[in-house]
>>> print(open('coords-v1.txt').read())   # compact mmCIF, C-alpha atoms
# COMPACT_ATOMS: atom_id res chain seq x y z
CA MET Z 1 109.39 77.74 51.58
CA ASN Z 2 109.78 81.36 52.53
CA ARG Z 3 106.57 82.27 50.67
CA MET Z 4 104.69 79.51 52.50
CA SER Z 5 105.68 80.73 55.97
CA LYS Z 6 104.72 84.34 55.17
CA LYS Z 7 101.33 83.22 53.94
CA LEU Z 8 100.68 81.14 57.09
CA ASN Z 9 101.67 83.95 59.48
CA LYS Z 10 99.12 86.36 58.03
CA LYS Z 11 96.17 84.27 59.20
CA GLY Z 12 94.73 84.72 62.70
CA PHE Z 13 95.49 87.12 65.57
CA THR Z 14 98.73 87.58 67.44
CA LEU Z 15 98.96 86.93 71.15
CA ALA Z 16 99.32 90.66 71.84
CA GLU Z 17 96.10 91.45 69.96
CA LEU Z 18 94.19 88.81 71.90
CA LEU Z 19 95.53 90.11 75.22
CA ILE Z 20 94.43 93.65 74.35
CA VAL Z 21 90.91 92.46 73.54
CA VAL Z 22 90.71 90.50 76.81
CA ALA Z 23 91.94 93.55 78.74
CA ILE Z 24 89.28 95.79 77.14
CA ILE Z 25 86.54 93.29 77.99
CA ALA Z 26 87.80 93.08 81.59
CA VAL Z 27 87.68 96.87 81.96
CA LEU Z 28 84.12 96.95 80.60
CA VAL Z 29 83.03 94.25 83.05
CA VAL Z 30 84.65 96.04 86.00
CA VAL Z 31 82.85 99.27 85.09
CA SER Z 32 79.45 97.69 84.43
CA VAL Z 33 79.09 95.40 87.49
CA PRO Z 34 78.54 98.19 90.08
CA ILE Z 35 76.11 99.94 87.77
CA PHE Z 36 74.17 96.73 87.23
CA SER Z 37 74.05 95.88 90.94
CA SER Z 38 72.75 99.34 91.89
CA LYS Z 39 70.01 99.10 89.25
CA LEU Z 40 69.14 95.63 90.51
CA GLU Z 41 68.76 96.90 94.08
CA LYS Z 42 66.62 99.79 92.87
CA ALA Z 43 64.35 97.28 91.12
CA ARG Z 44 64.09 95.19 94.31
CA GLU Z 45 63.12 98.26 96.34
CA ALA Z 46 60.58 99.28 93.68
CA ALA Z 47 58.98 95.82 93.96
CA ASP Z 48 58.75 96.24 97.75
CA VAL Z 49 57.14 99.67 97.40
CA ALA Z 50 54.66 98.28 94.85
CA ASN Z 51 53.72 95.55 97.34
CA MET Z 52 53.27 98.19 100.04
CA ARG Z 53 50.92 100.19 97.84
CA ALA Z 54 48.94 97.07 96.98
CA ALA Z 55 48.71 96.12 100.68
CA LYS Z 56 47.45 99.60 101.53
CA ALA Z 57 44.80 99.36 98.81
CA ALA Z 58 43.74 95.93 100.12
CA ALA Z 59 43.52 97.34 103.66
CA ALA Z 60 41.38 100.26 102.48
CA ALA Z 61 39.08 97.85 100.62
CA LEU Z 62 38.77 95.67 103.73
CA TYR Z 63 37.93 98.67 105.90
CA LEU Z 64 35.35 99.98 103.44
CA SER Z 65 33.68 96.59 103.10
CA ASP Z 66 33.50 95.80 106.82
CA GLU Z 67 34.36 98.68 109.16
CA SER Z 68 33.47 96.81 112.35
CA SER Z 69 35.94 93.94 111.96
CA ALA Z 70 38.70 95.78 110.07
CA SER Z 71 40.43 97.07 113.20
CA LYS Z 72 40.89 93.58 114.69
CA GLY Z 73 44.37 93.29 113.07
CA PRO Z 74 47.17 92.98 112.59
CA TYR Z 75 46.77 91.53 109.14
CA TYR Z 76 49.42 90.07 106.86
CA TYR Z 77 49.48 90.83 103.16
CA ASP Z 78 49.62 87.81 100.83
CA ALA Z 79 51.29 89.21 97.70
CA ASP Z 80 50.64 86.04 95.66
CA ASN Z 81 46.87 86.41 96.01
CA GLY Z 82 46.61 90.16 96.77
CA VAL Z 83 44.60 89.71 99.98
CA LEU Z 84 45.01 90.36 103.70
CA LYS Z 85 45.08 87.37 106.04
CA ASP Z 86 44.77 87.07 109.81
CA LYS Z 87 47.84 84.83 110.15
CA LYS Z 88 51.24 84.53 108.49
CA ASP Z 89 50.72 80.80 107.96
CA GLY Z 90 51.01 79.83 104.30
CA ILE Z 91 52.42 83.18 103.14
CA LYS Z 92 55.84 82.97 101.55
CA GLY Z 93 58.22 85.86 102.24
CA TYR Z 94 58.24 88.18 99.24
CA GLY Z 95 60.30 91.16 100.42
CA GLN Z 96 63.32 91.76 98.22
CA GLY Z 97 65.14 94.86 99.50
CA THR Z 98 68.55 94.32 101.07
CA ALA Z 99 70.98 96.46 103.09
CA THR Z 100 72.37 97.95 99.86
CA LYS Z 101 71.06 101.44 99.27
CA GLY Z 102 69.00 101.76 96.10
CA GLY Z 103 67.59 105.22 96.73
CA ILE Z 104 63.84 104.51 96.90
CA SER Z 105 61.62 105.53 99.81
CA TYR Z 106 57.89 105.34 100.46
CA GLY Z 107 56.19 106.02 103.78
CA SER Z 108 58.06 104.00 106.42
CA TYR Z 109 60.17 102.31 103.73
CA THR Z 110 63.54 104.00 103.33
CA GLU Z 111 66.66 102.87 101.54
CA ASP Z 112 67.89 101.51 104.91
CA THR Z 113 64.92 99.13 105.27
CA VAL Z 114 65.83 95.47 104.93
CA ALA Z 115 62.78 93.59 103.69
CA LYS Z 116 64.47 90.49 102.21
CA GLY Z 117 62.18 87.51 102.78
CA GLY Z 118 59.77 89.63 104.83
CA ILE Z 119 55.99 89.85 104.89
CA LEU Z 120 54.02 93.07 105.24
CA GLU Z 121 52.15 93.49 108.51
CA VAL Z 122 49.14 95.79 108.12
CA THR Z 123 47.38 97.56 110.99
CA ILE Z 124 44.12 99.43 110.42
CA THR Z 125 43.16 102.06 112.99
CA PRO Z 126 39.63 103.46 112.62
CA PRO Z 127 39.00 107.18 113.07
CA GLY Z 128 38.79 108.43 116.62
CA ASP Z 129 38.78 111.65 118.63
CA SER Z 130 42.43 112.44 117.98
CA LYS Z 131 42.53 111.30 114.34
CA PRO Z 132 39.59 112.03 112.03
CA ASP Z 133 40.80 109.68 109.28
CA VAL Z 134 41.46 105.96 109.02
CA GLN Z 135 45.11 105.14 109.72
CA ILE Z 136 46.74 102.28 107.79
CA ASP Z 137 50.21 101.34 109.06
CA LEU Z 138 52.57 99.05 107.14
CA LYS Z 139 55.59 97.29 108.62
CA TRP Z 140 57.94 94.68 107.17
CA ASP Z 141 57.93 91.65 109.43
>>> encode(input="coords-v1.txt", output="structure tokens")
Amino acid sequence: MNRMSKKLNKKGFTLAELLIVVAIIAVLVVVSVPIFSSKLEKAREAADVANMRAAKAAAAALYLSDESSASKGPYYYDADNGVLKDKKDGIKGYGQGTATKGGISYGSYTEDTVAKGGILEVTITPPGDSKPDVQIDLKWD
């Protein structure tokens, strides 16, 4: 009988070994969660900046195609279709940046900008006496 009990005890892990493995996994999770969340916020801010660049390109295309009506804004950028619209109606909010700082900035967009669920408002100002170039302003609404 003594041989039988020795043979059975050699199979499997002890409770102490299992607790050590669980503790190591817990430490890895605690270390990785803040890193993952900061990378996630950086990706959200990068998506917002990409939408801002696309909205600016759409505004420039609108101005170049029809200079006379382009300054009648403000316009709202529809990210799903990549076009500027006169009204916000039918545009779902696509802004993703939150109050968490991700470290990305572009123009008026800083890491303090909260764009979650927002829509880009685009204003086109034609050249005048004080400014020789077309001014395209972007604001999260």
>>> atom_distance(input="coords-v1.txt", atom1="atom CA of Z:Ser37", atom2="atom CA of Z:Thr98")
11.6 Å
>>> closest_residue(input="coords-v1.txt", among="Z:Pro74, Z:Gly12, Z:Gly117, Z:Gly107", to="Z:Asp86", atoms="only C-alpha atoms")
Z:Pro74
>>> closest_residue(input="coords-v1.txt", among="Z:Val83, Z:Ala61, Z:Gly90, Z:Glu41", to="Z:Asp112", atoms="only C-alpha atoms")
Z:Glu41
>>> closest_residue(input="coords-v1.txt", among="Z:Lys116, Z:Lys131, Z:Lys92, Z:Lys101", to="Z:Asp48", atoms="only C-alpha atoms")
Z:Lys116
>>> atom_distance(input="coords-v1.txt", atom1="atom CA of Z:Leu18", atom2="atom CA of Z:Val31")
20.3 Å
>>> atom_distance(input="coords-v1.txt", atom1="atom CA of Z:Arg44", atom2="atom CA of Z:Gln96")
5.3 Å
>>> closest_residue(input="coords-v1.txt", among="Z:Ser38, Z:Lys85, Z:Asp141, Z:Ser65", to="Z:Ala99", atoms="all atoms listed in the file")
Z:Ser38
>>> closest_residue(input="coords-v1.txt", among="Z:Ala59, Z:Asp78, Z:Ile104, Z:Lys88", to="Z:Thr123", atoms="all atoms listed in the file")
Z:Ala59
>>> closest_residue(input="coords-v1.txt", among="Z:Ile25, Z:Leu19, Z:Ala60, Z:Val49", to="Z:Asp133", atoms="only C-alpha atoms")
Z:Ala60
>>> residues_around(input="coords-v1.txt", residues="Z:Ala115", least_positions_apart="3", cutoff="6 Å", atoms="all atoms listed in the file", output="ChimeraX atom specification")
/Z:95-97,118
>>> residues_near_point(input="coords-v1.txt", point="(61.8, 97.2, 110.2)", cutoff="9 Å", atoms="all atoms listed in the file", output="number ranges by chain")
Z: 108-109, 113-115, 139-141
>>> residues_around(input="coords-v1.txt", residues="Z:Lys87", least_positions_apart="6", cutoff="12 Å", atoms="all atoms listed in the file", output="PyMOL selection string")
chain Z and resi 73-78+119-122
>>> residues_around(input="coords-v1.txt", residues="Z:Thr125", least_positions_apart="6", cutoff="8 Å", atoms="only C-alpha atoms", output="ChimeraX atom specification")
/Z:71,134-136
